[in-house]
Each structure stands twice: as structure tokens, then as C-alpha cells.
Amino acid sequence: MDTRTGLPVVGMVGGGQLARMTHQAAISLGQSLRVLSVSPDDSAALVAADVRLGTHTDLAALREFAKGCEAVTFDHEHVPNEHIAALEAEGVKVFPGSAALVFAQDKGRMRERLAAMGAPVPRWQRVGTAAEIEAFAEAGGGGWPVVAKAVRGGYDGKGVWMLAGPDEAAELVATGTPLLVEERVPLRRELAALVARSPFGQVAAYPVVETVQRDGICVEVLAPAPGLSESRALEAQQLAIDLANALGVVGLLAVELFETDGGIVVNELAMRPHNSGHWTIEGARTSQFEQHLRAVLDYPMGATTLTAPAVVMANVLGGAPGGISIDERLHHLFATDPGARVHLYGKQVRPGRKIGHVTVLGDDMTSVRARAVRAAKWLQEGV
Ligand code: ADP
């Protein structure tokens, strides 16, 4: 507890944009997020008052960080599971806990658990050799290409490879990365179902969204998912609620889904604020960042309803160097679209890196989407 305010201290491991935006939500709740950051230049370290420098793989640093925190949570899933278990054994409240987080850390464990629960997953297999990948491609009538994934540590499409044939399989296996393969799902589009769950067991579900990916990176999120039938939306929300309950998740759970002609299948789980939920800052009554804080502190959940009929978030990626400055781009954007809400993460610009996002709200999805995409492209490219 912060004795100056009488309000709780939440510690977030990782100093990226998710911690930065969680800090922003913490301020409204009378708190100041404590952040464990690798560098003083990290996105959240630039803005939070209580920043501890240290790495998430250092148990001693984690222990020191956790002292005086009501709850410890994460802005990424790279903290070694055994470190989380060690903190739990010492009485630290860590959310999500090690037993739940393992399913967001290890894609193999996640697929096994989901399959055991009867949740829909793509055909998949752990593999150690190129021959096993070939056999997988030939079995089941799917053929090439197949999708290979690093079992651990992937993000933003890093750790996902579309393999066209045996040569590419052999090349990838030679890198020594622990892998699984799965069928390339004939997807119509991608959806995400976001829920939050508290230790008390209260669960709140956000409207299901459509996520648009380019080169493995999420570029747009449309809320609510256009044209999604009510029954399919309820099915996706119920699936996310069932998973949160079954895995004992505390905090946010984002379930990334593929929509196919035959129904929905689960692609990925994330147990933290997620890019598919950034739209909630302006587009929902309670933002995902506040909801995550409420959940880990066992506060009652906030309302998840939309604040407008159509909400679109577009990511701003780092563009090519040169052109007019980001400051000048903001001037122009604010002049042309006063309704566009901009979030910049204070990150160094590198091509393709997520450096911010734009959210637009309105009545008509087509025009809202066009405005969000135009604004993000402008900030990214200056054209
Ligand atoms: P990351 O952990 O990097 O986000 P994902 O597993 O979410 O990786 O995959 C990134 C993207 O690659 C997905 O959003 C999707 O567009 C594509 N993808 C992943 N798996 C498959 C699959 N089995 N079939 C078709 N596309 C896939």
C-alpha cells in the first residue's frame, strides 16, 4: 500500500507500452504503477514515478521488486515460470499465477490443454525433425504449406514460419528452435475475445472484435467485429469465459481466434492487456488497462459496453527514416481529423516496430475504419 494515499501498489514486470498504458489507468484509480524495466528509456519507464531497473529473468530483482506490492503482474509473458512459482511460494500475489501463465508461455502446453478441454484448435503436432514436419504435411490431406511455430517466446509474427516445402522445414529445424507445426487454417478472418477475471471469480467479457494482420502483425482492430452473428459472438465470449475459469486466469485473457467456414478455432492465448483491446481506452466504458488492474486487485469489474456503434484502432508502425518529423505529422493530423485519438508510446522509431496507435469512434464502420487507417498511415509515413 502507498501510505501517502492509502491505495494499493501494483507492480508490473516489463516496461513496454502495455505497462505505460496501464500506468495511465492506474492514475485514475489513485495509484501509480510500479514498473520493473530493463532500461530507463523503456516506454513505461519514461512516464512512471516508481521505476525499478532490472531484468525479468533475475529472481533476486523480482523479489526485491515485489516487496510492498499488493499484486504483481506482467506486460509480457517472458518471466520464467519457475521464478513466478518461487514468488508465489513466498506469499507474493502474482496474477496471472504460474499455473495459468504457462498456457500463454508455451504454445504446446496450450494446445494440449485446449484439446483436452474439447476447445477447437487447428491440427497440430510437436516436431523435432524435418522428417516429422514432412510426415505432418502429408498426413491429413492438408499438404504444404504448413505453419511452424516456436513453442516459446514468439510475438508479432516472430516465431511463426509458413513452410512451403521440405527444404524450408530442414532449414528451420537446423536452427535448433523447439517447434510445433500446425495446418494452415483456411481462415475467413481473425477475431479476438477479451475477458477479465478476478480472484473472486467475477468475469467480464468485451464485445468480440475483428483483428486484421499484415506480415504477422496486428494492424487494425474493428469493434464490434462487423457482420458477426450474435450466436457466433456469444460462442466466442463463452469460450473465453470457460477458458479463463478452467485455467484459473486472474487479470485479462485475450483469446485470438480464426473464423473459418466451419466455425471458430483458437490460435493463441495472452494473459495481459493485449493489442486487440487498445480500442477499449475510448471505445468501452472501462478500458482493458483499468479492467486488468481491477481484476488483479479483486475490485468488481467495470462495464464493458461500447461507447459508440463503431470503433476502430489502427496501429502506428515505425516508417522509413526521413520525411517530416513526428511532431509535424501530429500537427497535420490534428488539423485534418480532430476526432482521431492518438496514443504514442515514446519509443524509438524502427521500421515495422509498434510505436503507437490511433482510435476513431463513430456511427459507420466503413468511414470510421477509413479515418483510422488514414491517420495511422499518415503518422507512419508522413504521406
Ligand atoms: P504471434 O505469437 O507472433 O502473435 P501467432 O500464432 O498469433 O503468432 O501468429 C501470427 C499470425 O500468423 C496470425 O495472426 C495469423 O495471421 C497467422 N497464422 C498463425 N497460425 C496460423 C495458421 N495455423 N493458419 C493460418 N494462419 C496462421
# chains A, B, ... in the order shown; residues from 1 in each chain; ligands from 1
>>> residues_around(residues="A:Ala225", least_positions_apart="6", cutoff="8 Å", atoms="only C-alpha atoms", output="PDB file with N, CA and C atoms, in the first residue's frame")
ATOM      1  N   LEU A 191     -10.454 -13.103 -35.260  1.00  0.00           N
ATOM      2  CA  LEU A 191     -11.271 -12.454 -34.232  1.00  0.00           C
ATOM      3  C   LEU A 191     -10.510 -12.510 -32.908  1.00  0.00           C
ATOM      4  N   VAL A 208     -16.776  -8.972 -28.991  1.00  0.00           N
ATOM      5  CA  VAL A 208     -15.785  -9.670 -29.822  1.00  0.00           C
ATOM      6  C   VAL A 208     -15.376  -8.749 -30.972  1.00  0.00           C
ATOM      7  N   VAL A 209     -14.079  -8.722 -31.253  1.00  0.00           N
ATOM      8  CA  VAL A 209     -13.557  -7.815 -32.286  1.00  0.00           C
ATOM      9  C   VAL A 209     -12.960  -8.600 -33.450  1.00  0.00           C
ATOM     10  N   GLU A 210     -12.832  -7.922 -34.589  1.00  0.00           N
ATOM     11  CA  GLU A 210     -12.077  -8.476 -35.721  1.00  0.00           C
ATOM     12  C   GLU A 210     -10.680  -7.869 -35.674  1.00  0.00           C
TER      13      GLU A 210
END
>>> select_by_dssp(residues="stretch 119-350 of chain A", states="strand (DSSP E or B)", output="JSON, numbers by chain")
{"A": [124, 125, 126, 127, 146, 147, 148, 149, 150, 152, 155, 158, 160, 161, 162, 163, 179, 180, 181, 182, 183, 189, 190, 191, 192, 193, 194, 195, 196, 197, 203, 204, 205, 209, 210, 211, 212, 213, 214, 217, 218, 219, 220, 221, 222, 223, 251, 252, 253, 254, 255, 256, 257, 258, 259, 260, 263, 264, 265, 266, 267, 268, 269, 270, 284, 306, 310, 311, 312, 313, 314, 315, 316, 317, 318, 341, 342, 343, 344]}
>>> residues_around(residues="stretch 77-88 of chain A", least_positions_apart="6", cutoff="9 Å", atoms="only C-alpha atoms", output="list in words")
Val13, His56, Thr57, Asp58, Leu59, Leu62, Arg63, Ala66, Val94, Gly97, Ser98, Ala99, Leu101, Val102, Ala104, Gln105, Arg152, Gly153, Ala270, Met271 and Arg272 of chain A
>>> write_last_selection(atoms="all heavy atoms", output="compact mmCIF listing (two decimals), in the first residue's frame")
# COMPACT_ATOMS: atom_id res chain seq x y z
N VAL A 13 5.74 -6.16 -14.31
CA VAL A 13 7.06 -6.56 -14.80
C VAL A 13 7.10 -6.30 -16.30
O VAL A 13 6.29 -6.85 -17.05
CB VAL A 13 7.32 -8.05 -14.50
CG1 VAL A 13 8.69 -8.45 -15.07
CG2 VAL A 13 7.25 -8.32 -13.01
N HIS A 56 13.71 -9.25 -16.04
CA HIS A 56 12.64 -10.15 -15.62
C HIS A 56 13.12 -11.59 -15.45
O HIS A 56 12.37 -12.45 -15.00
CB HIS A 56 11.51 -10.09 -16.65
CG HIS A 56 11.98 -10.31 -18.05
ND1 HIS A 56 12.41 -9.27 -18.85
CD2 HIS A 56 12.13 -11.43 -18.77
CE1 HIS A 56 12.79 -9.76 -20.01
NE2 HIS A 56 12.63 -11.06 -19.99
N THR A 57 14.36 -11.88 -15.83
CA THR A 57 14.88 -13.24 -15.64
C THR A 57 15.70 -13.36 -14.34
O THR A 57 16.21 -14.42 -14.03
CB THR A 57 15.78 -13.63 -16.84
OG1 THR A 57 16.72 -12.56 -17.05
CG2 THR A 57 14.97 -13.85 -18.10
N ASP A 58 15.79 -12.27 -13.60
CA ASP A 58 16.61 -12.22 -12.39
C ASP A 58 15.69 -12.35 -11.17
O ASP A 58 14.97 -11.41 -10.81
CB ASP A 58 17.36 -10.87 -12.39
CG ASP A 58 18.17 -10.65 -11.13
OD1 ASP A 58 18.10 -11.48 -10.19
OD2 ASP A 58 18.89 -9.63 -11.08
N LEU A 59 15.72 -13.54 -10.52
CA LEU A 59 14.79 -13.80 -9.41
C LEU A 59 15.01 -12.82 -8.26
O LEU A 59 14.04 -12.36 -7.65
CB LEU A 59 14.92 -15.26 -8.93
CG LEU A 59 14.00 -15.67 -7.79
CD1 LEU A 59 12.53 -15.44 -8.13
CD2 LEU A 59 14.23 -17.14 -7.42
N LEU A 62 13.29 -9.67 -9.08
CA LEU A 62 11.82 -9.84 -8.99
C LEU A 62 11.38 -9.79 -7.53
O LEU A 62 10.37 -9.17 -7.19
CB LEU A 62 11.40 -11.16 -9.64
CG LEU A 62 11.52 -11.23 -11.17
CD1 LEU A 62 11.39 -12.67 -11.66
CD2 LEU A 62 10.44 -10.36 -11.84
N ARG A 63 12.16 -10.47 -6.66
CA ARG A 63 11.83 -10.50 -5.23
C ARG A 63 11.83 -9.10 -4.63
O ARG A 63 10.91 -8.70 -3.93
CB ARG A 63 12.88 -11.31 -4.48
CG ARG A 63 12.61 -12.76 -4.47
CD ARG A 63 13.45 -13.42 -3.37
NE ARG A 63 13.22 -14.84 -3.44
CZ ARG A 63 14.13 -15.73 -3.85
NH1 ARG A 63 15.33 -15.35 -4.17
NH2 ARG A 63 13.81 -17.01 -3.91
N ALA A 66 8.90 -7.03 -5.84
CA ALA A 66 7.58 -7.42 -5.33
C ALA A 66 7.31 -6.90 -3.92
O ALA A 66 6.15 -6.83 -3.50
CB ALA A 66 7.45 -8.94 -5.35
N VAL A 94 0.79 -13.05 -7.32
CA VAL A 94 1.20 -12.86 -8.70
C VAL A 94 0.03 -13.25 -9.60
O VAL A 94 -0.50 -14.36 -9.48
CB VAL A 94 2.42 -13.73 -9.07
CG1 VAL A 94 2.96 -13.32 -10.43
CG2 VAL A 94 3.50 -13.63 -8.01
N GLY A 97 -1.22 -16.32 -12.19
CA GLY A 97 -0.29 -17.17 -11.48
C GLY A 97 0.46 -18.10 -12.43
O GLY A 97 0.12 -18.22 -13.61
N SER A 98 1.48 -18.76 -11.88
CA SER A 98 2.33 -19.61 -12.72
C SER A 98 1.53 -20.73 -13.38
O SER A 98 1.78 -21.08 -14.53
CB SER A 98 3.47 -20.20 -11.88
OG SER A 98 2.94 -20.92 -10.78
N ALA A 99 0.55 -21.29 -12.65
CA ALA A 99 -0.20 -22.43 -13.19
C ALA A 99 -1.03 -22.02 -14.40
O ALA A 99 -1.25 -22.82 -15.32
CB ALA A 99 -1.11 -23.01 -12.11
N LEU A 101 -0.33 -19.04 -16.28
CA LEU A 101 0.50 -18.36 -17.28
C LEU A 101 1.25 -19.33 -18.19
O LEU A 101 1.55 -19.00 -19.34
CB LEU A 101 1.49 -17.40 -16.59
CG LEU A 101 2.17 -16.41 -17.53
CD1 LEU A 101 1.16 -15.42 -18.12
CD2 LEU A 101 3.29 -15.65 -16.83
N VAL A 102 1.50 -20.51 -17.69
CA VAL A 102 2.26 -21.47 -18.51
C VAL A 102 1.55 -21.70 -19.86
O VAL A 102 2.21 -21.90 -20.88
CB VAL A 102 2.47 -22.80 -17.75
CG1 VAL A 102 1.18 -23.57 -17.55
CG2 VAL A 102 3.50 -23.67 -18.47
N ALA A 104 0.05 -19.51 -21.62
CA ALA A 104 0.32 -18.41 -22.53
C ALA A 104 1.81 -18.37 -22.90
O ALA A 104 2.20 -17.68 -23.83
CB ALA A 104 -0.10 -17.08 -21.90
N GLN A 105 2.61 -19.11 -22.14
CA GLN A 105 4.07 -19.10 -22.39
C GLN A 105 4.50 -20.20 -23.33
O GLN A 105 5.53 -20.08 -23.99
CB GLN A 105 4.82 -19.28 -21.06
CG GLN A 105 4.63 -18.13 -20.10
CD GLN A 105 5.40 -18.33 -18.80
OE1 GLN A 105 5.30 -19.37 -18.17
NE2 GLN A 105 6.16 -17.33 -18.40
N ARG A 152 8.00 -21.43 -27.67
CA ARG A 152 8.07 -20.35 -26.68
C ARG A 152 8.62 -19.08 -27.30
O ARG A 152 9.41 -19.14 -28.24
CB ARG A 152 9.01 -20.73 -25.54
CG ARG A 152 8.47 -21.78 -24.65
CD ARG A 152 9.51 -22.26 -23.66
NE ARG A 152 8.83 -22.93 -22.56
CZ ARG A 152 8.41 -22.31 -21.47
NH1 ARG A 152 8.63 -21.03 -21.29
NH2 ARG A 152 7.78 -22.97 -20.53
N GLY A 153 8.20 -17.95 -26.73
CA GLY A 153 8.92 -16.70 -26.96
C GLY A 153 8.55 -15.92 -28.22
O GLY A 153 9.13 -14.87 -28.45
N ALA A 270 -3.34 -14.87 -24.62
CA ALA A 270 -2.46 -13.91 -23.95
C ALA A 270 -3.13 -13.55 -22.63
O ALA A 270 -4.36 -13.38 -22.58
CB ALA A 270 -2.25 -12.66 -24.79
N MET A 271 -2.33 -13.46 -21.57
CA MET A 271 -2.91 -13.17 -20.24
C MET A 271 -2.36 -11.86 -19.72
O MET A 271 -1.52 -11.81 -18.82
CB MET A 271 -2.58 -14.32 -19.28
CG MET A 271 -3.23 -15.62 -19.73
SD MET A 271 -2.80 -16.99 -18.66
CE MET A 271 -3.41 -18.37 -19.64
N ARG A 272 -2.79 -10.79 -20.36
CA ARG A 272 -2.31 -9.43 -20.04
C ARG A 272 -3.10 -8.50 -20.96
O ARG A 272 -3.80 -8.98 -21.86
CB ARG A 272 -0.82 -9.33 -20.34
CG ARG A 272 -0.48 -9.80 -21.74
CD ARG A 272 0.93 -9.52 -22.16
NE ARG A 272 1.28 -10.23 -23.38
CZ ARG A 272 0.87 -9.94 -24.59
NH1 ARG A 272 0.05 -8.93 -24.80
NH2 ARG A 272 1.23 -10.67 -25.62
>>> atom_distance(atom1="atom CA of A:Met301", atom2="atom CA of A:Val266")
24.9 Å
>>> residues_around(residues="stretch 251-258 of chain A", least_positions_apart="5", cutoff="7 Å", atoms="only C-alpha atoms", output="list in words")
Phe95, Pro96, Leu187, Arg189, Glu190, Leu191, Ala192, Ala193, Leu194, Val195, Ala196, Arg197, Ser198, Ala240, Ala244, Ile264, Val265, Val266, Asn267, Glu268, Leu269, Ala270, Met271, Arg272, Pro273, His274, His292, Ala295 and Val296 of chain A
>>> residues_near_ligand(ligand="ligand 1", cutoff="7 Å", atoms="only C-alpha atoms and all ligand atoms", output="PyMOL selection string")
chain A and resi 122+147+154-160+182-187+213+216-217+267-268
>>> closest_residue(among="A:Pro199, A:Pro8, A:Gly318, A:Gly382", to="A:Leu330", atoms="only C-alpha atoms")
A:Gly382
>>> residues_around(residues="A:Ala116", least_positions_apart="5", cutoff="12 Å", atoms="only C-alpha atoms", output="ChimeraX atom specification")
/A:109-111,121,243,246
>>> write_last_selection(atoms="all heavy atoms", output="mmCIF file, in the first residue's frame")
data_model
loop_
_atom_site.group_PDB
_atom_site.id
_atom_site.type_symbol
_atom_site.label_atom_id
_atom_site.label_comp_id
_atom_site.auth_asym_id
_atom_site.auth_seq_id
_atom_site.Cartn_x
_atom_site.Cartn_y
_atom_site.Cartn_z
ATOM 1 N N ARG A 109 1.945 -26.630 -24.603
ATOM 2 C CA ARG A 109 1.106 -26.892 -23.428
ATOM 3 C C ARG A 109 -0.295 -26.336 -23.633
ATOM 4 O O ARG A 109 -1.287 -26.941 -23.237
ATOM 5 C CB ARG A 109 1.725 -26.247 -22.175
ATOM 6 C CG ARG A 109 3.070 -26.806 -21.744
ATOM 7 C CD ARG A 109 2.918 -28.114 -20.961
ATOM 8 N NE ARG A 109 2.037 -28.021 -19.808
ATOM 9 C CZ ARG A 109 2.414 -27.649 -18.582
ATOM 10 N NH1 ARG A 109 3.654 -27.336 -18.360
ATOM 11 N NH2 ARG A 109 1.550 -27.620 -17.591
ATOM 12 N N MET A 110 -0.360 -25.147 -24.262
ATOM 13 C CA MET A 110 -1.665 -24.515 -24.502
ATOM 14 C C MET A 110 -2.524 -25.390 -25.409
ATOM 15 O O MET A 110 -3.679 -25.680 -25.107
ATOM 16 C CB MET A 110 -1.434 -23.128 -25.110
ATOM 17 C CG MET A 110 -2.653 -22.321 -25.388
ATOM 18 S SD MET A 110 -3.257 -22.521 -27.066
ATOM 19 C CE MET A 110 -2.068 -21.527 -27.953
ATOM 20 N N ARG A 111 -1.947 -25.857 -26.525
ATOM 21 C CA ARG A 111 -2.709 -26.692 -27.461
ATOM 22 C C ARG A 111 -3.177 -27.997 -26.801
ATOM 23 O O ARG A 111 -4.310 -28.438 -27.013
ATOM 24 C CB ARG A 111 -1.851 -27.020 -28.689
ATOM 25 C CG ARG A 111 -1.560 -25.830 -29.581
ATOM 26 C CD ARG A 111 -2.442 -25.873 -30.813
ATOM 27 N NE ARG A 111 -2.129 -24.814 -31.753
ATOM 28 C CZ ARG A 111 -2.657 -23.601 -31.720
ATOM 29 N NH1 ARG A 111 -3.526 -23.266 -30.782
ATOM 30 N NH2 ARG A 111 -2.338 -22.711 -32.641
ATOM 31 N N VAL A 121 -9.111 -26.434 -31.782
ATOM 32 C CA VAL A 121 -7.744 -25.995 -32.128
ATOM 33 C C VAL A 121 -7.392 -26.558 -33.507
ATOM 34 O O VAL A 121 -7.948 -27.564 -33.926
ATOM 35 C CB VAL A 121 -6.697 -26.477 -31.082
ATOM 36 C CG1 VAL A 121 -6.904 -25.794 -29.750
ATOM 37 C CG2 VAL A 121 -6.705 -27.989 -30.922
ATOM 38 N N LEU A 243 -12.463 -20.680 -20.764
ATOM 39 C CA LEU A 243 -11.009 -20.841 -20.674
ATOM 40 C C LEU A 243 -10.465 -20.109 -19.445
ATOM 41 O O LEU A 243 -9.626 -20.642 -18.716
ATOM 42 C CB LEU A 243 -10.324 -20.305 -21.937
ATOM 43 C CG LEU A 243 -10.516 -21.156 -23.196
ATOM 44 C CD1 LEU A 243 -9.885 -20.472 -24.407
ATOM 45 C CD2 LEU A 243 -9.882 -22.527 -23.001
ATOM 46 N N ALA A 246 -11.435 -22.228 -16.458
ATOM 47 C CA ALA A 246 -10.764 -23.538 -16.407
ATOM 48 C C ALA A 246 -9.277 -23.381 -16.092
ATOM 49 O O ALA A 246 -8.700 -24.203 -15.383
ATOM 50 C CB ALA A 246 -10.950 -24.270 -17.738
#
>>> residues_around(residues="A:Thr22", least_positions_apart="5", cutoff="10 Å", atoms="only C-alpha atoms", output="list in words")
Met12, Gln17, Ile27, Ser32, Leu33, Ala44, Asp75, Pro273, Ser287, Gln288, Phe289, Glu290, Gln291, His292 and Leu293 of chain A
>>> closest_residue(among="A:Val383, A:Ala375, A:Ala284, A:Val342", to="A:Gly322", atoms="only C-alpha atoms")
A:Val383
>>> closest_residue(among="A:Gly339, A:Leu247, A:Arg232, A:Leu7", to="A:Met117", atoms="only C-alpha atoms")
A:Leu247
>>> closest_residue(among="A:Val127, A:Met1, A:Ala205, A:Val221", to="A:Gly176", atoms="only C-alpha atoms")
A:Val127
>>> select_by_dssp(residues="stretch 52-176 of chain A", states="alpha helix (DSSP H)", output="JSON, numbers by chain")
{"A": [59, 60, 61, 62, 63, 64, 65, 66, 81, 82, 83, 84, 85, 86, 87, 88, 89, 98, 99, 100, 101, 102, 103, 104, 105, 107, 108, 109, 110, 111, 112, 113, 114, 115, 116, 117, 130, 131, 132, 133, 134, 135, 136, 137, 138, 166, 167, 168, 169, 170, 171, 172, 173]}
>>> closest_residue(among="A:Thr5, A:Asn245, A:Thr305, A:Thr336", to="A:Gln202", atoms="only C-alpha atoms")
A:Asn245
